[in-house]
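Trainee: Shown below is the structure under consideration.
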There are 2 protein chains.
Amino acid sequence: MKESAALDAFAAMSNETRLRILKRLVAAGPTGLPAGEIADAVGASPSRTSFHLSTMAAAGIIRAQRQARQIVYAADFMALGALVRFLLEECCSNDPTVRACCGLAADPASETQTPARSGGCDDA
Amino acid sequence: MKESAALDAFAAMSNETRLRILKRLVAAGPTGLPAGEIADAVGASPSRTSFHLSTMAAAGIIRAQRQARQIVYAADFMALGALVRFLLEECCSNDPTVRACCGLAADPASETQTPARSGGCDDA
DNA sequence: CTTTCATTTCAATAGATCTTGAAATATCTT
DNA sequence: AAGATATTTCAAGATCTATTGAAATGAAAG
């Protein structure tokens with residue numbers, strides 16, 4: 001993942017309305033939801049919702065597809081996975097403390113069992 | 001992790017200078033680095049660096065500690081771990097596709113081996 | 001081909017964020 | 001106490017982001 005893409009993705013996640021939209025779209029699964037339903041779900045006006053959906057689509061974390069008169073948006077799960085991985089690998093250099101907090105083995109190449117989160121992690 | 005904390009953390013990561021600072025601090029380990037060295041490392045003026053360091057500290061992803069005349073900043077590895085976990089759990093509902101992209105088992109409770117990243121993931 | 005429905009685009013505005021350079025603060029040294 | 005060093009704070013301006021409501025677009029139905 002390119003750094004500029006990650007910066008855009010982080011910016012997309014740094015807004016309350018957009019984070020709500022993302023959660024809703026993740027819950028909706030790969031089928032996604034039409035813009036109007038998303039607007040209702042998050043309690044924002046159509047134009048405001050459209051603005052945030054465009055921002056998120058430009059950041060690459062969701063995808064749009066016209067279906068008859070509606071425009072259906074869906075989370076891009078692979079892009080989200082790439083973002084988590086960027087955070088873990090590029091930003092955090094696979095630091096063992098960071099990894100332990102998400103139930104990951106200290107060493108990314110490890111063939112051993114994933115450990116329970118060790119003590120000292122902030123609660124999520 | 002509270003949602004508002006995550007929003008602040010994402011905002012903190014959505015700036016190029018701050019992301020560079022974070023990477024440098026992660027590389028520096030728990031000992032951290034004084035502000036002046038960080039400024040040199042990222043090529044930003046003292047006041048600009050100070051502004052970004054304050055933003056990151058307020059977001060809780062780094063910590064400051066005065067040491068004689070310098071102020072030493074260090075990455076907060078547990079907070080970063082909590083952020084990765086928030087992204088994975090709260091935002092992505094532990095979606096298996098997302099998890100596969102970071103070398104995680106599809107099921108967070110799984111006792112089986114962490115799989116190699118399955119096909120279809122965006123390259124990080 | 002007009003109407004209706006779903007969504008976007010636009011223009012205006014308000015507010016937040018970033019950068020710059022100068023001045024202020026805190027700490028150490030002499 | 002005066003000077004040097006490390007960093008922050010402040011004020012000004014530029015830029016970016018978000019919200020609102022009205023108007024425009026696209027697609028289907030009558």
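Lettering and numbering for the structure tokens are positional, with chains as A, B, ... in the shown order, residues counted from 1 in each chain, and ligands counted from 1 in the shown order.
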Using only C-alpha atoms (C1' of nucleotides), select each residue of chain C with any atom at most 8 Å away from an atom of chain B, and give the selection as number ranges by chain.
Mentor: C: 19, 26-28
Trainee: Could you save those same residues with all heavy atoms as an mmCIF file, in the first residue's frame?
Mentor:
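File again.cif, as written:
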```cif
data_model
loop_
_atom_site.group_PDB
_atom_site.id
_atom_site.type_symbol
_atom_site.label_atom_id
_atom_site.label_comp_id
_atom_site.auth_asym_id
_atom_site.auth_seq_id
_atom_site.Cartn_x
_atom_site.Cartn_y
_atom_site.Cartn_z
ATOM 1 P P DT C 19 2.217 21.601 7.553
ATOM 2 O OP1 DT C 19 2.798 20.927 6.394
ATOM 3 O OP2 DT C 19 2.493 21.130 8.926
ATOM 4 O "O5'" DT C 19 2.615 23.144 7.461
ATOM 5 C "C5'" DT C 19 2.308 23.858 6.268
ATOM 6 C "C4'" DT C 19 2.799 25.288 6.394
ATOM 7 O "O4'" DT C 19 1.946 25.988 7.319
ATOM 8 C "C3'" DT C 19 4.229 25.413 6.936
ATOM 9 O "O3'" DT C 19 5.012 26.072 5.956
ATOM 10 C "C2'" DT C 19 4.077 26.230 8.224
ATOM 11 C "C1'" DT C 19 2.729 26.901 8.047
ATOM 12 N N1 DT C 19 1.968 27.159 9.308
ATOM 13 C C2 DT C 19 1.486 28.434 9.536
ATOM 14 O O2 DT C 19 1.670 29.360 8.789
ATOM 15 N N3 DT C 19 0.771 28.562 10.699
ATOM 16 C C4 DT C 19 0.497 27.581 11.643
ATOM 17 O O4 DT C 19 -0.167 27.828 12.645
ATOM 18 C C5 DT C 19 1.031 26.273 11.332
ATOM 19 C C7 DT C 19 0.807 25.144 12.278
ATOM 20 C C6 DT C 19 1.737 26.122 10.194
ATOM 21 P P DA C 26 8.100 28.726 32.357
ATOM 22 O OP1 DA C 26 6.969 27.966 32.938
ATOM 23 O OP2 DA C 26 8.650 29.917 33.037
ATOM 24 O "O5'" DA C 26 9.293 27.703 32.122
ATOM 25 C "C5'" DA C 26 9.079 26.592 31.268
ATOM 26 C "C4'" DA C 26 10.394 25.858 31.109
ATOM 27 O "O4'" DA C 26 11.237 26.575 30.184
ATOM 28 C "C3'" DA C 26 11.188 25.712 32.410
ATOM 29 O "O3'" DA C 26 11.522 24.350 32.536
ATOM 30 C "C2'" DA C 26 12.397 26.612 32.212
ATOM 31 C "C1'" DA C 26 12.561 26.596 30.694
ATOM 32 N N9 DA C 26 13.203 27.754 30.090
ATOM 33 C C8 DA C 26 12.922 29.076 30.288
ATOM 34 N N7 DA C 26 13.663 29.892 29.572
ATOM 35 C C5 DA C 26 14.487 29.043 28.848
ATOM 36 C C6 DA C 26 15.499 29.271 27.900
ATOM 37 N N6 DA C 26 15.877 30.498 27.509
ATOM 38 N N1 DA C 26 16.132 28.203 27.375
ATOM 39 C C2 DA C 26 15.750 26.982 27.767
ATOM 40 N N3 DA C 26 14.810 26.625 28.645
ATOM 41 C C4 DA C 26 14.206 27.718 29.152
ATOM 42 P P DT C 27 12.183 23.794 33.846
ATOM 43 O OP1 DT C 27 11.625 22.452 34.073
ATOM 44 O OP2 DT C 27 12.114 24.858 34.879
ATOM 45 O "O5'" DT C 27 13.715 23.616 33.422
ATOM 46 C "C5'" DT C 27 14.011 22.780 32.313
ATOM 47 C "C4'" DT C 27 15.455 22.976 31.910
ATOM 48 O "O4'" DT C 27 15.651 24.304 31.394
ATOM 49 C "C3'" DT C 27 16.439 22.831 33.059
ATOM 50 O "O3'" DT C 27 17.226 21.692 32.783
ATOM 51 C "C2'" DT C 27 17.256 24.129 33.033
ATOM 52 C "C1'" DT C 27 16.996 24.623 31.623
ATOM 53 N N1 DT C 27 17.153 26.069 31.371
ATOM 54 C C2 DT C 27 18.070 26.458 30.435
ATOM 55 O O2 DT C 27 18.766 25.680 29.817
ATOM 56 N N3 DT C 27 18.166 27.819 30.251
ATOM 57 C C4 DT C 27 17.440 28.805 30.892
ATOM 58 O O4 DT C 27 17.624 29.973 30.635
ATOM 59 C C5 DT C 27 16.489 28.322 31.866
ATOM 60 C C7 DT C 27 15.660 29.304 32.622
ATOM 61 C C6 DT C 27 16.391 26.996 32.061
ATOM 62 P P DC C 28 18.214 21.079 33.852
ATOM 63 O OP1 DC C 28 18.300 19.613 33.623
ATOM 64 O OP2 DC C 28 17.842 21.602 35.189
ATOM 65 O "O5'" DC C 28 19.602 21.726 33.429
ATOM 66 C "C5'" DC C 28 20.274 21.193 32.288
ATOM 67 C "C4'" DC C 28 21.250 22.218 31.779
ATOM 68 O "O4'" DC C 28 20.657 23.525 31.871
ATOM 69 C "C3'" DC C 28 22.554 22.313 32.585
ATOM 70 O "O3'" DC C 28 23.589 21.798 31.773
ATOM 71 C "C2'" DC C 28 22.722 23.815 32.873
ATOM 72 C "C1'" DC C 28 21.722 24.453 31.908
ATOM 73 N N1 DC C 28 21.179 25.782 32.320
ATOM 74 C C2 DC C 28 21.582 26.916 31.643
ATOM 75 O O2 DC C 28 22.392 26.813 30.711
ATOM 76 N N3 DC C 28 21.085 28.122 31.998
ATOM 77 C C4 DC C 28 20.198 28.205 33.001
ATOM 78 N N4 DC C 28 19.737 29.424 33.313
ATOM 79 C C5 DC C 28 19.755 27.047 33.717
ATOM 80 C C6 DC C 28 20.279 25.865 33.356
#
```
Trainee: Up to 9 Å from chain B, what residues of chain D turn up? Count only C-alpha atoms (C1' of nucleotides) and give them as an mmCIF file with N, CA, C and O atoms (P, O5', C5', C4', C3', O3' and C1' of nucleotides), in the first residue's frame.
Mentor:
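The resulting file, iface-v2.cif, is reproduced below:
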```cif
data_model
loop_
_atom_site.group_PDB
_atom_site.id
_atom_site.type_symbol
_atom_site.label_atom_id
_atom_site.label_comp_id
_atom_site.auth_asym_id
_atom_site.auth_seq_id
_atom_site.Cartn_x
_atom_site.Cartn_y
_atom_site.Cartn_z
ATOM 1 P P DT D 5 24.850 27.800 21.950
ATOM 2 O "O5'" DT D 5 23.671 26.878 22.507
ATOM 3 C "C5'" DT D 5 23.940 25.946 23.544
ATOM 4 C "C4'" DT D 5 22.657 25.213 23.888
ATOM 5 C "C3'" DT D 5 21.882 24.693 22.669
ATOM 6 O "O3'" DT D 5 21.591 23.330 22.912
ATOM 7 C "C1'" DT D 5 20.460 25.905 24.100
ATOM 8 P P DA D 6 20.870 22.448 21.788
ATOM 9 O "O5'" DA D 6 19.386 22.431 22.367
ATOM 10 C "C5'" DA D 6 19.106 21.708 23.558
ATOM 11 C "C4'" DA D 6 17.613 21.742 23.786
ATOM 12 C "C3'" DA D 6 16.779 21.346 22.556
ATOM 13 O "O3'" DA D 6 15.873 20.322 22.947
ATOM 14 C "C1'" DA D 6 16.040 23.410 23.434
ATOM 15 P P DT D 7 14.911 19.671 21.829
ATOM 16 O "O5'" DT D 7 13.603 20.562 21.995
ATOM 17 C "C5'" DT D 7 12.992 20.619 23.283
ATOM 18 C "C4'" DT D 7 11.961 21.710 23.322
ATOM 19 C "C3'" DT D 7 10.857 21.622 22.279
ATOM 20 O "O3'" DT D 7 9.722 21.047 22.893
ATOM 21 C "C1'" DT D 7 11.498 23.867 22.782
ATOM 22 P P DT D 8 8.302 21.012 22.135
ATOM 23 O "O5'" DT D 8 7.675 22.400 22.607
ATOM 24 C "C5'" DT D 8 7.587 22.661 24.016
ATOM 25 C "C4'" DT D 8 7.012 24.042 24.245
ATOM 26 C "C3'" DT D 8 5.597 24.227 23.709
ATOM 27 O "O3'" DT D 8 4.822 24.742 24.770
ATOM 28 C "C1'" DT D 8 7.028 25.965 22.929
ATOM 29 P P DT D 9 3.213 24.920 24.583
ATOM 30 O "O5'" DT D 9 3.078 26.458 24.172
ATOM 31 C "C5'" DT D 9 3.501 27.467 25.074
ATOM 32 C "C4'" DT D 9 3.341 28.824 24.405
ATOM 33 C "C3'" DT D 9 1.956 29.081 23.824
ATOM 34 O "O3'" DT D 9 1.537 30.334 24.327
ATOM 35 C "C1'" DT D 9 3.633 29.558 22.224
#
```
Trainee: Please find the residues of chain B near chain A - the criterion being any atom within 6 Å, counting only C-alpha atoms - and write them as number ranges by chain.
Mentor: B: 1, 7, 10-11, 14, 23, 77-78, 81-82, 85-86, 91, 98, 101-102, 121-124
Trainee: May I have the selected residues written with all heavy atoms, as a CSV table (one decimal), in the first residue's frame?
Mentor:
```csv
chain,number,residue,atom,x,y,z
B,1,MET,N,-11.0,0.8,23.5
B,1,MET,CA,-10.7,2.2,23.1
B,1,MET,C,-11.9,3.0,22.7
B,1,MET,O,-12.8,2.5,22.0
B,1,MET,CB,-9.8,2.1,21.9
B,1,MET,CG,-9.5,3.4,21.2
B,1,MET,SD,-8.3,3.3,19.9
B,1,MET,CE,-7.0,4.4,20.4
B,7,LEU,N,-10.8,8.4,16.6
B,7,LEU,CA,-10.9,9.5,15.7
B,7,LEU,C,-9.7,10.4,15.7
B,7,LEU,O,-9.2,10.8,14.7
B,7,LEU,CB,-12.2,10.3,15.9
B,7,LEU,CG,-13.5,9.6,15.5
B,7,LEU,CD1,-14.8,10.3,16.0
B,7,LEU,CD2,-13.6,9.4,14.0
B,10,PHE,N,-6.7,8.6,14.3
B,10,PHE,CA,-6.7,8.5,12.8
B,10,PHE,C,-6.4,9.9,12.2
B,10,PHE,O,-5.6,10.0,11.3
B,10,PHE,CB,-8.1,8.1,12.3
B,10,PHE,CG,-8.3,6.6,12.5
B,10,PHE,CD1,-9.6,6.2,13.0
B,10,PHE,CD2,-7.4,5.7,12.2
B,10,PHE,CE1,-9.8,4.8,13.2
B,10,PHE,CE2,-7.6,4.3,12.4
B,10,PHE,CZ,-8.8,3.9,12.9
B,11,ALA,N,-6.9,11.0,12.8
B,11,ALA,CA,-6.6,12.3,12.4
B,11,ALA,C,-5.1,12.5,12.5
B,11,ALA,O,-4.4,13.1,11.6
B,11,ALA,CB,-7.4,13.3,13.1
B,14,SER,N,-3.1,11.0,9.7
B,14,SER,CA,-3.5,11.4,8.3
B,14,SER,C,-2.7,12.6,7.8
B,14,SER,O,-3.1,13.2,6.8
B,14,SER,CB,-5.0,11.7,8.3
B,14,SER,OG,-5.2,13.0,9.0
B,23,LYS,N,6.8,7.0,12.4
B,23,LYS,CA,7.7,6.0,12.0
B,23,LYS,C,9.1,6.1,12.7
B,23,LYS,O,9.7,5.1,13.1
B,23,LYS,CB,7.9,6.0,10.5
B,23,LYS,CG,6.7,5.5,9.7
B,23,LYS,CD,7.0,5.5,8.2
B,23,LYS,CE,5.8,5.1,7.4
B,23,LYS,NZ,6.0,5.2,6.0
B,77,PHE,N,3.3,2.5,22.3
B,77,PHE,CA,3.1,1.3,21.6
B,77,PHE,C,1.8,0.6,22.0
B,77,PHE,O,1.1,0.0,21.2
B,77,PHE,CB,4.3,0.3,21.8
B,77,PHE,CG,5.6,0.8,21.2
B,77,PHE,CD1,6.5,1.5,21.9
B,77,PHE,CD2,5.8,0.6,19.8
B,77,PHE,CE1,7.7,2.0,21.3
B,77,PHE,CE2,7.0,1.0,19.2
B,77,PHE,CZ,7.9,1.7,20.0
B,78,MET,N,1.4,0.7,23.2
B,78,MET,CA,0.1,0.1,23.6
B,78,MET,C,-1.0,0.8,23.0
B,78,MET,O,-2.0,0.2,22.6
B,78,MET,CB,0.0,0.1,25.2
B,78,MET,CG,1.1,-0.8,25.8
B,78,MET,SD,0.8,-1.4,27.4
B,78,MET,CE,0.7,0.2,28.3
B,81,GLY,N,-1.2,-0.3,19.5
B,81,GLY,CA,-1.8,-1.6,19.5
B,81,GLY,C,-3.3,-1.5,19.6
B,81,GLY,O,-4.1,-2.2,18.9
B,82,ALA,N,-3.8,-0.7,20.6
B,82,ALA,CA,-5.2,-0.5,20.8
B,82,ALA,C,-5.9,0.0,19.5
B,82,ALA,O,-7.0,-0.3,19.2
B,82,ALA,CB,-5.5,0.4,22.0
B,85,ARG,N,-6.2,-2.7,17.0
B,85,ARG,CA,-7.3,-3.6,17.4
B,85,ARG,C,-8.7,-2.9,17.2
B,85,ARG,O,-9.6,-3.6,16.8
B,85,ARG,CB,-7.1,-3.8,18.9
B,85,ARG,CG,-7.9,-5.0,19.4
B,85,ARG,CD,-7.4,-5.5,20.7
B,85,ARG,NE,-8.4,-6.1,21.5
B,85,ARG,CZ,-8.6,-5.8,22.8
B,85,ARG,NH1,-7.8,-5.0,23.4
B,85,ARG,NH2,-9.6,-6.4,23.4
B,86,PHE,N,-8.8,-1.6,17.4
B,86,PHE,CA,-10.0,-0.9,17.2
B,86,PHE,C,-10.4,-1.0,15.7
B,86,PHE,O,-11.6,-1.3,15.4
B,86,PHE,CB,-9.9,0.6,17.6
B,86,PHE,CG,-11.1,1.4,17.3
B,86,PHE,CD1,-12.1,1.6,18.2
B,86,PHE,CD2,-11.3,2.0,16.0
B,86,PHE,CE1,-13.2,2.3,18.0
B,86,PHE,CE2,-12.4,2.8,15.8
B,86,PHE,CZ,-13.4,2.9,16.7
B,91,CYS,N,-14.2,-1.4,13.8
B,91,CYS,CA,-14.5,-0.9,12.4
B,91,CYS,C,-14.8,-2.0,11.5
B,91,CYS,O,-15.7,-1.9,10.7
B,91,CYS,CB,-13.3,-0.1,11.8
B,91,CYS,SG,-12.9,1.4,12.8
B,98,VAL,N,-10.5,-9.1,5.9
B,98,VAL,CA,-9.6,-8.1,6.4
B,98,VAL,C,-8.5,-8.8,7.2
B,98,VAL,O,-7.3,-8.5,7.1
B,98,VAL,CB,-10.4,-7.1,7.4
B,98,VAL,CG1,-9.4,-6.2,8.1
B,98,VAL,CG2,-11.4,-6.3,6.5
B,101,CYS,N,-5.7,-10.5,5.4
B,101,CYS,CA,-4.7,-9.6,4.8
B,101,CYS,C,-3.6,-9.2,5.8
B,101,CYS,O,-2.6,-8.7,5.4
B,101,CYS,CB,-5.3,-8.3,4.3
B,101,CYS,SG,-6.4,-8.6,2.8
B,102,CYS,N,-3.8,-9.5,7.0
B,102,CYS,CA,-2.7,-9.2,8.0
B,102,CYS,C,-2.2,-10.5,8.6
B,102,CYS,O,-1.6,-10.5,9.7
B,102,CYS,CB,-3.2,-8.3,9.1
B,102,CYS,SG,-4.7,-7.5,8.9
B,121,CYS,N,-5.5,-10.3,-1.5
B,121,CYS,CA,-5.2,-9.1,-0.7
B,121,CYS,C,-4.4,-8.1,-1.5
B,121,CYS,O,-3.6,-8.4,-2.3
B,121,CYS,CB,-4.4,-9.5,0.6
B,121,CYS,SG,-5.3,-10.5,1.7
B,122,ASP,N,-4.8,-6.8,-1.3
B,122,ASP,CA,-4.0,-5.7,-1.8
B,122,ASP,C,-2.6,-5.8,-1.2
B,122,ASP,O,-2.4,-6.1,0.0
B,122,ASP,CB,-4.6,-4.4,-1.5
B,122,ASP,CG,-5.9,-4.1,-2.2
B,122,ASP,OD1,-6.3,-5.0,-2.9
B,122,ASP,OD2,-6.4,-3.0,-2.0
B,123,ASP,N,-1.6,-5.6,-2.0
B,123,ASP,CA,-0.2,-5.6,-1.4
B,123,ASP,C,-0.1,-4.4,-0.5
B,123,ASP,O,-0.6,-3.3,-0.8
B,123,ASP,CB,0.8,-5.5,-2.6
B,123,ASP,CG,1.0,-6.9,-3.2
B,123,ASP,OD1,0.6,-7.9,-2.6
B,123,ASP,OD2,1.4,-6.9,-4.4
B,124,ALA,N,0.6,-4.6,0.6
B,124,ALA,CA,0.8,-3.5,1.5
B,124,ALA,C,2.0,-2.6,1.1
B,124,ALA,O,2.7,-3.0,0.2
B,124,ALA,CB,1.0,-4.1,2.9
```
Trainee: Step one, run DSSP on the backbone; step two, keep only residues of chain A assigned to alpha helix (DSSP H); then write them as an NGL selection string.
Mentor: :A and (3-13 or 16-28 or 35-42 or 46-58 or 77-86 or 96-100)
Trainee: Mind listing the strand (DSSP E or B) residues of stretch 3-121 of chain A, per DSSP on the backbone, as JSON, numbers by chain?
Mentor: {"A": [33, 34, 62, 63, 64, 65, 66, 67, 70, 71, 72, 73, 74, 75]}
